[in-house]
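So this one's protein32.tsv, TSV, C-alpha atoms:
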```tsv
chain	number	residue	atom	x	y	z
A	20	MET	CA	-41.82	-79.98	41.75
A	21	ASP	CA	-41.59	-78.52	45.23
A	22	THR	CA	-43.68	-75.60	46.41
A	23	ARG	CA	-41.59	-72.68	45.16
A	24	ALA	CA	-44.65	-71.63	43.18
A	25	LEU	CA	-48.05	-70.46	44.34
A	26	PRO	CA	-51.08	-72.27	42.89
A	27	ASN	CA	-52.24	-70.71	39.62
A	28	PRO	CA	-55.72	-69.32	40.47
A	29	TYR	CA	-56.73	-68.54	36.86
A	30	TYR	CA	-58.93	-70.54	34.54
A	31	ASP	CA	-56.95	-71.61	31.49
A	32	TYR	CA	-57.83	-70.57	27.96
A	33	ASP	CA	-60.77	-72.65	26.72
A	34	GLY	CA	-60.84	-71.55	23.08
A	35	SER	CA	-64.08	-69.59	23.36
A	36	PRO	CA	-64.29	-65.92	22.31
A	37	ALA	CA	-65.86	-65.14	25.70
A	38	CYS	CA	-62.59	-66.20	27.35
A	39	THR	CA	-60.60	-63.36	25.79
A	40	GLN	CA	-63.17	-60.68	24.84
A	41	ALA	CA	-62.39	-58.49	27.88
A	42	LEU	CA	-58.67	-58.66	27.07
A	43	PHE	CA	-58.02	-58.57	23.30
A	44	ASP	CA	-59.74	-58.95	19.93
A	45	SER	CA	-59.27	-61.65	17.27
A	46	GLN	CA	-56.23	-59.78	15.91
A	47	GLY	CA	-54.54	-59.80	19.31
A	48	LYS	CA	-55.10	-56.08	19.88
A	49	LEU	CA	-55.76	-55.31	23.54
A	50	THR	CA	-59.14	-53.83	24.44
A	51	PRO	CA	-59.14	-50.13	25.45
A	52	GLU	CA	-60.28	-51.16	28.95
A	53	PHE	CA	-57.45	-53.65	29.53
A	54	SER	CA	-54.87	-51.27	28.01
A	55	GLN	CA	-56.14	-48.52	30.29
A	56	ARG	CA	-55.85	-50.77	33.33
A	57	LEU	CA	-52.27	-51.67	32.41
A	58	SER	CA	-51.28	-48.05	31.75
A	59	SER	CA	-52.70	-46.74	35.00
A	60	LYS	CA	-50.98	-49.56	36.94
A	61	VAL	CA	-47.70	-48.67	35.22
A	62	ARG	CA	-48.07	-45.05	36.35
A	63	GLU	CA	-48.91	-46.13	39.89
A	64	LEU	CA	-45.95	-48.53	40.16
A	65	LEU	CA	-43.58	-45.96	38.61
A	66	ALA	CA	-44.40	-43.57	41.46
A	67	VAL	CA	-43.73	-46.29	44.04
A	68	MET	CA	-40.48	-47.22	42.28
A	69	GLU	CA	-39.25	-43.63	42.08
A	70	ASN	CA	-39.83	-43.22	45.78
A	71	GLY	CA	-38.11	-46.52	46.56
A	72	LEU	CA	-35.06	-45.67	44.47
A	73	LYS	CA	-34.20	-42.83	46.87
A	74	SER	CA	-32.64	-45.47	49.10
A	75	ALA	CA	-31.03	-47.60	46.35
A	76	ASP	CA	-27.26	-48.18	46.21
A	77	PRO	CA	-25.83	-44.97	44.70
A	78	ARG	CA	-22.79	-46.85	43.30
A	79	ASP	CA	-24.52	-49.66	41.39
A	80	CYS	CA	-24.13	-48.73	37.72
A	81	THR	CA	-25.41	-52.01	36.30
A	82	SER	CA	-28.41	-52.89	34.18
A	83	TYR	CA	-29.17	-55.91	36.37
A	84	THR	CA	-29.71	-54.22	39.75
A	85	GLY	CA	-28.51	-50.65	39.24
A	86	TRP	CA	-29.09	-47.29	37.55
A	87	ALA	CA	-28.59	-48.45	33.96
A	88	GLY	CA	-31.53	-50.83	34.36
A	89	ILE	CA	-33.79	-47.97	35.41
A	90	ALA	CA	-32.52	-45.96	32.43
A	91	LEU	CA	-33.39	-48.92	30.17
A	92	LEU	CA	-36.93	-49.01	31.60
A	93	TYR	CA	-37.43	-45.32	30.84
A	94	LEU	CA	-35.99	-45.78	27.35
A	95	HIS	CA	-38.60	-48.51	26.84
A	96	LEU	CA	-41.36	-46.23	28.15
A	97	HIS	CA	-40.21	-43.61	25.65
A	98	ASN	CA	-40.33	-46.24	22.87
A	99	VAL	CA	-43.90	-47.17	23.68
A	100	PHE	CA	-45.50	-43.89	24.80
A	101	LYS	CA	-43.37	-41.45	22.75
A	102	ASP	CA	-43.30	-38.99	25.66
A	103	ASP	CA	-40.06	-36.97	25.90
A	104	TYR	CA	-40.40	-36.85	29.68
A	105	PHE	CA	-39.38	-40.52	29.73
A	106	LEU	CA	-36.33	-39.86	27.56
A	107	GLN	CA	-35.22	-37.13	29.97
A	108	LYS	CA	-35.64	-39.52	32.90
A	109	SER	CA	-33.58	-42.11	31.04
A	110	LEU	CA	-30.84	-39.52	30.52
A	111	ASP	CA	-30.83	-38.67	34.24
A	112	TYR	CA	-30.40	-42.29	35.27
A	113	ILE	CA	-27.85	-43.24	32.62
A	114	SER	CA	-25.77	-40.15	33.47
A	115	HIS	CA	-25.73	-41.36	37.08
A	116	SER	CA	-24.70	-44.83	35.92
A	117	LEU	CA	-21.83	-43.51	33.76
A	118	LYS	CA	-20.40	-41.73	36.80
A	119	CYS	CA	-19.96	-45.00	38.70
A	120	LEU	CA	-18.83	-47.55	36.11
A	121	THR	CA	-17.13	-50.64	37.54
A	122	ARG	CA	-13.91	-50.00	35.55
A	123	ARG	CA	-13.14	-53.64	36.20
A	124	HIS	CA	-13.15	-56.49	33.76
A	125	ASP	CA	-16.92	-56.81	33.74
A	126	VAL	CA	-17.79	-56.33	30.10
A	127	THR	CA	-21.42	-57.42	29.88
A	128	PHE	CA	-24.70	-55.67	29.25
A	129	LEU	CA	-26.30	-56.81	32.49
A	130	CYS	CA	-23.48	-56.86	35.04
A	131	GLY	CA	-20.65	-54.78	33.57
A	132	ASP	CA	-19.81	-51.47	31.94
A	133	ALA	CA	-20.98	-52.45	28.45
A	134	GLY	CA	-24.66	-52.08	29.37
A	135	PRO	CA	-24.43	-48.52	30.68
A	136	LEU	CA	-22.33	-47.49	27.65
A	137	ALA	CA	-24.71	-49.11	25.16
A	138	ILE	CA	-27.82	-47.62	26.81
A	139	ALA	CA	-26.13	-44.21	27.00
A	140	ALA	CA	-25.28	-44.38	23.29
A	141	VAL	CA	-28.95	-44.93	22.47
A	142	VAL	CA	-30.18	-42.18	24.81
A	143	PHE	CA	-27.71	-39.68	23.33
A	144	TYR	CA	-28.68	-40.79	19.82
A	145	ARG	CA	-32.37	-40.13	20.54
A	146	LEU	CA	-31.45	-36.71	21.90
A	147	GLN	CA	-29.48	-36.07	18.67
A	148	ARG	CA	-26.22	-35.70	20.59
A	149	GLY	CA	-24.10	-37.41	17.96
A	150	GLN	CA	-20.68	-36.80	19.43
A	151	GLU	CA	-21.59	-38.35	22.78
A	152	THR	CA	-23.22	-41.30	20.98
A	153	ASP	CA	-19.96	-41.94	19.11
A	154	GLU	CA	-17.90	-41.61	22.28
A	155	CYS	CA	-19.98	-44.24	24.08
A	156	ILE	CA	-19.77	-46.64	21.13
A	157	ASN	CA	-16.00	-46.16	20.88
A	158	ARG	CA	-15.59	-46.85	24.59
A	159	LEU	CA	-17.75	-49.95	24.23
A	160	LEU	CA	-15.68	-51.26	21.33
A	161	GLN	CA	-12.49	-50.93	23.38
A	162	PHE	CA	-13.52	-54.16	25.15
A	163	GLN	CA	-13.70	-56.12	21.88
A	164	GLN	CA	-10.11	-57.36	21.89
A	165	THR	CA	-10.32	-58.67	25.45
A	166	VAL	CA	-13.58	-60.42	24.65
A	167	VAL	CA	-12.41	-62.23	21.51
A	168	THR	CA	-9.13	-63.43	23.02
A	169	VAL	CA	-9.65	-67.01	24.16
A	170	THR	CA	-7.34	-67.97	27.02
A	171	ALA	CA	-7.61	-70.67	29.67
A	172	GLY	CA	-9.29	-69.28	32.74
A	173	GLY	CA	-10.24	-66.12	30.86
A	174	LEU	CA	-13.69	-64.70	30.23
A	175	PRO	CA	-16.64	-67.11	30.50
A	176	ASP	CA	-19.05	-67.36	27.57
A	177	GLU	CA	-22.44	-66.90	29.25
A	178	LEU	CA	-24.81	-63.95	29.27
A	179	LEU	CA	-24.45	-62.39	32.73
A	180	TYR	CA	-20.65	-62.17	32.98
A	181	GLY	CA	-19.31	-63.54	29.73
A	182	ARG	CA	-18.86	-63.09	26.00
A	183	MET	CA	-22.55	-63.32	25.12
A	184	GLY	CA	-23.27	-60.50	27.54
A	185	TYR	CA	-20.87	-58.30	25.61
A	186	LEU	CA	-22.21	-59.49	22.26
A	187	TYR	CA	-25.72	-58.45	23.33
A	188	SER	CA	-24.47	-54.89	23.93
A	189	LEU	CA	-23.44	-54.62	20.27
A	190	VAL	CA	-26.73	-56.17	19.12
A	191	PHE	CA	-28.67	-53.70	21.30
A	192	ILE	CA	-26.96	-50.75	19.61
A	193	ASN	CA	-27.72	-52.15	16.16
A	194	GLN	CA	-31.35	-52.81	17.08
A	195	GLN	CA	-31.83	-49.25	18.30
A	196	LEU	CA	-29.60	-47.26	15.93
A	197	GLY	CA	-29.80	-49.28	12.72
A	198	HIS	CA	-28.37	-52.67	11.88
A	199	ASP	CA	-25.05	-51.58	10.43
A	200	ARG	CA	-23.98	-49.19	13.18
A	201	ILE	CA	-21.60	-51.82	14.54
A	202	PRO	CA	-20.31	-53.98	11.67
A	203	LEU	CA	-21.46	-57.61	11.74
A	204	GLN	CA	-17.86	-58.82	11.80
A	205	TYR	CA	-17.52	-57.64	15.41
A	206	ILE	CA	-20.41	-59.90	16.37
A	207	GLN	CA	-19.05	-62.75	14.25
A	208	GLN	CA	-15.63	-62.49	15.91
A	209	ILE	CA	-17.24	-62.93	19.33
A	210	SER	CA	-19.31	-65.89	18.09
A	211	GLU	CA	-16.15	-67.47	16.72
A	212	ALA	CA	-14.40	-67.09	20.09
A	213	VAL	CA	-17.42	-68.68	21.78
A	214	LEU	CA	-17.33	-71.63	19.36
A	215	VAL	CA	-13.60	-72.16	19.94
A	216	SER	CA	-14.12	-72.05	23.69
A	217	GLY	CA	-17.08	-74.46	23.47
A	218	GLU	CA	-15.24	-77.00	21.33
A	219	HIS	CA	-12.29	-76.90	23.73
A	220	LEU	CA	-14.49	-77.65	26.76
A	221	SER	CA	-16.41	-80.37	24.94
A	222	ARG	CA	-13.11	-82.14	24.26
A	223	LYS	CA	-11.94	-81.55	27.83
A	224	PHE	CA	-15.10	-83.20	29.22
A	225	ARG	CA	-15.01	-85.85	26.47
A	226	VAL	CA	-18.60	-85.21	25.41
A	227	GLN	CA	-17.92	-84.33	21.74
A	228	ASN	CA	-20.13	-87.19	20.54
A	229	GLN	CA	-23.16	-85.98	22.51
A	230	SER	CA	-22.48	-82.23	22.40
A	231	PRO	CA	-19.76	-80.74	20.16
A	232	LEU	CA	-19.95	-77.56	22.29
A	233	MET	CA	-19.89	-77.33	26.08
A	234	TYR	CA	-19.70	-74.38	28.47
A	235	GLU	CA	-19.32	-73.89	32.19
A	236	TRP	CA	-19.54	-71.11	34.71
A	237	TYR	CA	-17.89	-71.55	38.10
A	238	GLN	CA	-17.19	-75.23	37.35
A	239	GLU	CA	-20.85	-75.97	36.70
A	240	GLN	CA	-22.35	-76.78	33.30
A	241	TYR	CA	-25.42	-74.58	33.58
A	242	VAL	CA	-28.36	-75.16	31.26
A	243	GLY	CA	-30.46	-71.98	31.49
A	244	ALA	CA	-30.53	-68.59	29.78
A	245	ALA	CA	-28.52	-66.51	32.26
A	246	HIS	CA	-25.42	-68.61	32.93
A	247	GLY	CA	-25.83	-71.50	30.61
A	248	LEU	CA	-26.09	-73.34	27.36
A	249	ALA	CA	-29.59	-72.22	26.33
A	250	GLY	CA	-28.62	-68.54	26.42
A	251	ILE	CA	-25.40	-69.13	24.46
A	252	TYR	CA	-27.03	-71.28	21.77
A	253	TYR	CA	-29.88	-68.78	21.38
A	254	TYR	CA	-27.36	-66.22	20.07
A	255	LEU	CA	-25.28	-68.66	18.02
A	256	MET	CA	-28.45	-69.54	16.05
A	257	GLN	CA	-29.30	-65.92	15.18
A	258	PRO	CA	-29.03	-65.33	11.42
A	259	GLY	CA	-25.55	-64.12	10.50
A	260	PHE	CA	-24.09	-64.10	14.02
A	261	VAL	CA	-21.88	-67.05	13.07
A	262	ALA	CA	-20.00	-66.36	9.82
A	263	MET	CA	-19.97	-69.99	8.67
A	264	GLU	CA	-23.49	-71.39	8.35
A	265	GLU	CA	-21.92	-74.86	8.24
A	266	SER	CA	-20.63	-74.42	11.83
A	267	VAL	CA	-24.15	-73.77	13.07
A	268	HIS	CA	-25.38	-77.09	11.67
A	269	ARG	CA	-22.27	-79.07	12.62
A	270	LEU	CA	-21.65	-77.66	16.12
A	271	VAL	CA	-24.69	-75.79	17.42
A	272	LYS	CA	-27.56	-78.04	16.29
A	273	PRO	CA	-26.31	-81.26	17.99
A	274	SER	CA	-25.47	-79.22	21.12
A	275	VAL	CA	-29.02	-77.83	21.19
A	276	ASP	CA	-30.33	-81.37	20.78
A	277	HIS	CA	-28.24	-82.40	23.78
A	278	VAL	CA	-29.93	-79.73	25.93
A	279	SER	CA	-33.35	-80.80	24.59
A	280	ARG	CA	-32.73	-84.32	25.88
A	281	LEU	CA	-32.38	-83.00	29.44
A	282	LYS	CA	-36.10	-82.19	29.60
A	283	PHE	CA	-38.00	-83.42	32.66
A	284	PRO	CA	-41.41	-85.12	32.25
A	285	SER	CA	-42.95	-81.82	33.48
A	286	GLY	CA	-41.54	-79.95	30.46
A	287	ASN	CA	-39.04	-78.11	32.68
A	288	TYR	CA	-35.22	-78.30	32.49
A	289	PRO	CA	-32.51	-78.77	35.14
A	290	PRO	CA	-30.37	-75.84	36.32
A	291	CYS	CA	-27.16	-77.81	35.60
A	292	ILE	CA	-26.18	-80.92	33.69
A	293	GLY	CA	-26.24	-83.80	36.15
A	294	ASP	CA	-28.79	-82.17	38.47
A	295	ASP	CA	-31.94	-84.27	38.40
A	296	ARG	CA	-34.10	-82.10	40.66
A	297	ASP	CA	-37.06	-80.48	38.92
A	298	LEU	CA	-37.15	-77.40	41.14
A	299	LEU	CA	-36.49	-74.09	39.43
A	300	MET	CA	-38.94	-72.37	37.10
A	301	HIS	CA	-37.11	-69.11	36.40
A	302	TRP	CA	-35.88	-67.26	33.35
A	303	CYS	CA	-32.35	-67.73	34.75
A	304	HIS	CA	-32.71	-71.49	35.40
A	305	GLY	CA	-35.38	-73.65	33.78
A	306	ALA	CA	-38.00	-73.71	31.05
A	307	PRO	CA	-38.72	-69.93	31.04
A	308	GLY	CA	-35.20	-69.35	29.65
A	309	VAL	CA	-34.78	-72.53	27.58
A	310	VAL	CA	-37.91	-71.71	25.54
A	311	TYR	CA	-36.03	-69.02	23.56
A	312	MET	CA	-33.37	-71.52	22.48
A	313	LEU	CA	-36.06	-73.97	21.36
A	314	LEU	CA	-38.04	-71.39	19.38
A	315	GLN	CA	-34.86	-70.14	17.72
A	316	ALA	CA	-33.89	-73.74	16.85
A	317	HIS	CA	-37.33	-74.18	15.29
A	318	LYS	CA	-36.72	-71.07	13.16
A	319	ALA	CA	-33.16	-72.07	12.26
A	320	PHE	CA	-33.52	-75.79	11.62
A	321	GLY	CA	-37.26	-76.52	11.31
A	322	GLY	CA	-38.42	-79.84	12.69
A	323	PRO	CA	-41.56	-80.21	14.82
A	324	GLN	CA	-39.78	-81.39	17.98
A	325	TYR	CA	-38.28	-78.00	18.91
A	326	LEU	CA	-41.69	-76.35	18.75
A	327	ALA	CA	-43.30	-79.22	20.66
A	328	ASP	CA	-40.69	-78.84	23.43
A	329	ALA	CA	-41.17	-75.05	23.47
A	330	LEU	CA	-44.93	-75.52	23.89
A	331	LEU	CA	-44.24	-77.89	26.80
A	332	CYS	CA	-42.18	-75.09	28.39
A	333	GLY	CA	-45.32	-72.96	28.16
A	334	GLU	CA	-47.40	-75.63	29.89
A	335	ALA	CA	-44.82	-75.95	32.69
A	336	VAL	CA	-44.69	-72.17	33.20
A	337	TRP	CA	-48.49	-71.93	33.29
A	338	ARG	CA	-48.59	-74.57	36.03
A	339	GLN	CA	-45.59	-73.50	38.11
A	340	GLY	CA	-44.64	-69.97	37.03
A	341	LEU	CA	-46.28	-67.80	39.71
A	342	LEU	CA	-43.36	-67.75	42.09
A	343	LYS	CA	-43.11	-67.06	45.80
A	344	LYS	CA	-39.90	-65.23	44.90
A	345	GLY	CA	-42.02	-62.41	43.53
A	346	TYR	CA	-42.80	-60.50	40.37
A	347	GLY	CA	-39.38	-59.84	38.83
A	348	LEU	CA	-37.72	-60.71	35.54
A	349	CYS	CA	-34.85	-62.96	36.53
A	350	HIS	CA	-36.75	-65.19	38.92
A	351	GLY	CA	-40.33	-63.99	39.10
A	352	ALA	CA	-43.73	-63.95	37.44
A	353	ALA	CA	-42.94	-61.14	34.96
A	354	GLY	CA	-39.91	-62.93	33.56
A	355	ASN	CA	-41.87	-66.16	33.32
A	356	ALA	CA	-44.71	-64.39	31.49
A	357	TYR	CA	-42.37	-63.54	28.61
A	358	THR	CA	-42.48	-67.29	27.81
A	359	PHE	CA	-46.09	-66.81	26.70
A	360	LEU	CA	-45.30	-63.66	24.72
A	361	ALA	CA	-42.50	-65.48	22.86
A	362	LEU	CA	-44.82	-68.42	22.11
A	363	TYR	CA	-47.56	-66.04	20.99
A	364	ARG	CA	-45.27	-64.24	18.56
A	365	HIS	CA	-44.10	-67.57	17.16
A	366	THR	CA	-47.51	-69.27	16.84
A	367	GLN	CA	-50.14	-66.47	16.94
A	368	ASP	CA	-52.19	-68.84	19.11
A	369	PRO	CA	-54.40	-66.65	21.35
A	370	LYS	CA	-53.94	-69.14	24.21
A	371	HIS	CA	-50.45	-67.78	24.85
A	372	LEU	CA	-51.54	-64.14	24.81
A	373	TYR	CA	-54.38	-65.02	27.20
A	374	ARG	CA	-51.90	-66.64	29.59
A	375	ALA	CA	-49.57	-63.63	29.39
A	376	CYS	CA	-52.55	-61.40	30.26
A	377	MET	CA	-53.34	-63.58	33.30
A	378	PHE	CA	-49.75	-63.27	34.51
A	379	ALA	CA	-50.05	-59.52	33.93
A	380	ASP	CA	-53.16	-59.52	36.11
A	381	TRP	CA	-51.13	-61.29	38.82
A	382	CYS	CA	-48.36	-58.68	38.49
A	383	MET	CA	-50.89	-55.84	38.69
A	384	ASN	CA	-51.77	-57.18	42.15
A	385	TYR	CA	-48.16	-56.48	43.12
A	386	GLY	CA	-47.44	-57.28	46.76
A	387	ARG	CA	-50.76	-58.95	47.52
A	388	HIS	CA	-49.65	-62.59	47.35
A	389	GLY	CA	-47.23	-62.74	50.27
A	390	CYS	CA	-44.19	-63.10	47.98
A	391	ARG	CA	-40.67	-62.42	49.16
A	392	THR	CA	-39.14	-58.95	48.80
A	393	PRO	CA	-36.00	-59.07	46.65
A	394	ASP	CA	-32.63	-57.66	47.77
A	395	THR	CA	-32.92	-54.79	45.30
A	396	PRO	CA	-36.70	-54.31	45.39
A	397	PHE	CA	-36.93	-51.61	42.70
A	398	SER	CA	-34.31	-52.84	40.22
A	399	LEU	CA	-34.81	-54.05	36.64
A	400	PHE	CA	-33.91	-57.70	37.02
A	401	GLU	CA	-34.90	-58.44	40.61
A	402	GLY	CA	-37.53	-55.88	41.42
A	403	MET	CA	-40.36	-53.60	40.44
A	404	ALA	CA	-38.73	-51.94	37.41
A	405	GLY	CA	-38.75	-55.28	35.60
A	406	THR	CA	-42.41	-55.86	36.38
A	407	ILE	CA	-43.24	-52.41	35.02
A	408	TYR	CA	-41.20	-53.20	31.89
A	409	PHE	CA	-43.31	-56.32	31.31
A	410	LEU	CA	-46.63	-54.52	31.91
A	411	VAL	CA	-45.60	-51.94	29.30
A	412	ASP	CA	-44.47	-54.65	26.87
A	413	ILE	CA	-47.78	-56.47	26.95
A	414	LEU	CA	-49.45	-53.33	25.52
A	415	GLN	CA	-47.77	-54.26	22.20
A	416	PRO	CA	-47.53	-58.06	22.39
A	417	MET	CA	-46.05	-58.58	18.91
A	418	LYS	CA	-43.20	-56.19	19.71
A	419	ALA	CA	-42.48	-57.54	23.20
A	420	ARG	CA	-38.94	-58.82	23.84
A	421	PHE	CA	-37.41	-60.02	27.08
A	422	PRO	CA	-35.21	-57.03	28.04
A	423	ALA	CA	-31.41	-57.24	27.82
A	424	PHE	CA	-31.65	-60.70	26.28
A	425	GLU	CA	-34.00	-61.24	23.35
A	426	VAL	CA	-32.90	-60.16	19.89
```
Spit out the file's structure as structure tokens when you get a sec.
Amino acid sequence: MDTRALPNPYYDYDGSPACTQALFDSQGKLTPEFSQRLSSKVRELLAVMENGLKSADPRDCTSYTGWAGIALLYLHLHNVFKDDYFLQKSLDYISHSLKCLTRRHDVTFLCGDAGPLAIAAVVFYRLQRGQETDECINRLLQFQQTVVTVTAGGLPDELLYGRMGYLYSLVFINQQLGHDRIPLQYIQQISEAVLVSGEHLSRKFRVQNQSPLMYEWYQEQYVGAAHGLAGIYYYLMQPGFVAMEESVHRLVKPSVDHVSRLKFPSGNYPPCIGDDRDLLMHWCHGAPGVVYMLLQAHKAFGGPQYLADALLCGEAVWRQGLLKKGYGLCHGAAGNAYTFLALYRHTQDPKHLYRACMFADWCMNYGRHGCRTPDTPFSLFEGMAGTIYFLVDILQPMKARFPAFEV
């Protein structure tokens, strides 16, 4: 590992009640004092963010760095605090986003028009504006045909710019509006297209024996959650997303096993197949994104090895996850902290919740560690909005989900 991380200054969990008593009780419920500290920090950072957004790019509609991401943060605040002020703020930001859609071929939740439309549908639904909800969903579904058509040189399959990024938009609507709002067959059609594409590339690279599926983005076989295999397989293992259960065992499981074999001795993973440098510890590249694939594989297939590898991801993130890049979701401490929340939900081991709380403490000291300032310093995926999202999520650890990714 090089020095892209700052040394972790916190004592690790030692198993004693004294270690966690100021943070949460034996049921994992946060203490009133720690909750209060989080909530007041959230309010403080929101004020800084709002001020900073006055100089943000007025034309960036996206969830990743633009107005839809801020709308998603406020939607989340409304979910947690049940204050209608937050819903109104979400409406303001998503309305701005809808006015500057890319109108290009970007069809994903994070970097295209699908995210703004999906978030808008949910905001309108909460405001009981049914007609506008339906309009947004209909506009979203107009991309379906493009997405499921598999052509050479067409749409990639990954999360940020590809098929899985569109699939997430449909899943997001079903999570928020009820699971049958968009029929499952839409999701299954996309999964089928992704399987066809993956089998084609596996044959092209002649790796069928090691990995029946293979994917690339810009001629690189990425491994991580954002552009790579781990993010794609995470969705293909979700119950019902692939119509034929047999395909999941025949195609997805051996492909997941292929990614598992890429693990470094540190517990981290390479950014690309063939890259042997153990450098990046981000949600987008490395263990903090691969952990979701491993936990889902453990749920889908059983077997102790997936969980053992996921726990090693946690160890690697604890050692190397406080990044000089800052506090963001995509490549920062907040995104890395979701590793611990995912492990906590899966195992109920208080060690993981303790570690998430320590990373939250780090994030509450925003700006005091000499980290770099991101290009879009107040955005959801690079900047402060994402850190706020995480600090809100840790208030309800069992409900926490990495935004715009976790199902």
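When all atoms listed in the file are used to compute distances to Met417 of chain A, the closest of the residues A:His371, A:Lys223, A:Arg391, A:His317 turns out to be A:His371.
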Exercise. With distances taken over all atoms listed in the file, which of A:Val215, A:Ala356, A:Leu160, A:Ala262 is nearest to Leu136 of chain A?
Worked result: A:Leu160
Exercise. In Å, with one decimal, what is the gap from atom CA of Gly333 of chain A to atom CA of Asn287 of chain A?
Worked result: 9.3 Å
Go through segment 67-141 of chain A residue by residue and, counting all atoms listed in the file, keep those with an atom at most 12 Å from segment 238-248 of chain A; for each kept residue give the shortest atom pair and its distance in Å to one decimal, ordered by chain and increasing number, as CSV.
```
residue,atom,partner,partner_atom,distance
A:Tyr83,CA,A:Ala245,CA,11.4
A:Thr127,CA,A:Ala245,CA,11.8
A:Phe128,CA,A:Ala245,CA,11.9
A:Leu129,CA,A:Ala245,CA,10.0
A:Cys130,CA,A:Ala245,CA,11.2
```
For this session: Would you mind reading off the distance between atom CA of Val142 of chain A and atom CA of Pro422 of chain A, one decimal, in Å?
Result: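 Pair atom CA of Val142 of chain A / atom CA of Pro422 of chain A returns 16.0 Å.
For the atom pair formed by atom CA of Leu110 of chain A and atom CA of Ile201 of chain A, the distance is 22.2 Å, given to one decimal.
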Seminar exercise, completed: Nearest to Tyr253 of chain A, restricted to only C-alpha atoms and choosing among A:Gln315, A:Gln227, A:Ser188, A:Ser266, comes out as A:Gln315
For this session: Within 9 Å of (-37.9, -69.8, 34.2) (coordinates as in the file), grab all the protein and nucleic acid residues, counting all atoms listed in the file, and write them out as a list in words.
Result: Gly243, Ala244, Asn287, Leu299, Met300, His301, Trp302, Cys303, His304, Gly305, Ala306, Pro307, Gly308, Val309, Val310, Cys332, Val336, Gly340, Cys349, His350, Gly351, Ala352, Gly354, Asn355 and Thr358 of chain A
Problem set entry | Best match for closeness to Tyr187 of chain A among A:Gln147, A:Ser210, A:Thr121, A:Ser221, counting only C-alpha atoms |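 Of A:Gln147, A:Ser210, A:Thr121, A:Ser221, the one nearest Tyr187 of chain A is A:Ser210, counting only C-alpha atoms.
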Exercise. What's the 9 Å shell around Ser285 of chain A, counting all atoms listed in the file, without same-chain residues fewer than 6 positions away, as a list in words?
Worked result: Met20, Asp297, Leu331, Cys332, Glu334 and Ala335 of chain A
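Excluding Leu313 of chain A and any residue on its chain fewer than 4 positions from it, the residues at most 9 Å away by all atoms listed in the file are Ala249, Tyr253, Val275, Ser279, Val309, His317, Lys318, Gln324, Tyr325, Leu326, Ala327, Asp328 and Ala329 of chain A.
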Write the residues of the selection above to a file with C-alpha atoms, as an mmCIF file, in the frame of the given file.
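Saved to again.cif:
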```cif
data_model
loop_
_atom_site.group_PDB
_atom_site.id
_atom_site.type_symbol
_atom_site.label_atom_id
_atom_site.label_comp_id
_atom_site.auth_asym_id
_atom_site.auth_seq_id
_atom_site.Cartn_x
_atom_site.Cartn_y
_atom_site.Cartn_z
ATOM 1 C CA ALA A 249 -29.590 -72.220 26.330
ATOM 2 C CA TYR A 253 -29.880 -68.780 21.380
ATOM 3 C CA VAL A 275 -29.020 -77.830 21.190
ATOM 4 C CA SER A 279 -33.350 -80.800 24.590
ATOM 5 C CA VAL A 309 -34.780 -72.530 27.580
ATOM 6 C CA HIS A 317 -37.330 -74.180 15.290
ATOM 7 C CA LYS A 318 -36.720 -71.070 13.160
ATOM 8 C CA GLN A 324 -39.780 -81.390 17.980
ATOM 9 C CA TYR A 325 -38.280 -78.000 18.910
ATOM 10 C CA LEU A 326 -41.690 -76.350 18.750
ATOM 11 C CA ALA A 327 -43.300 -79.220 20.660
ATOM 12 C CA ASP A 328 -40.690 -78.840 23.430
ATOM 13 C CA ALA A 329 -41.170 -75.050 23.470
#
```
Problem set entry | Which of A:Pro77, A:Gly259, A:Pro416, A:Gly322 sits closest to Val99 of chain A [using only C-alpha atoms] | A:Pro416
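Across A:Ala140, A:Val61, A:Val126, A:Leu25, the tightest approach to Lys344 of chain A is made by A:Leu25 when counting only C-alpha atoms.
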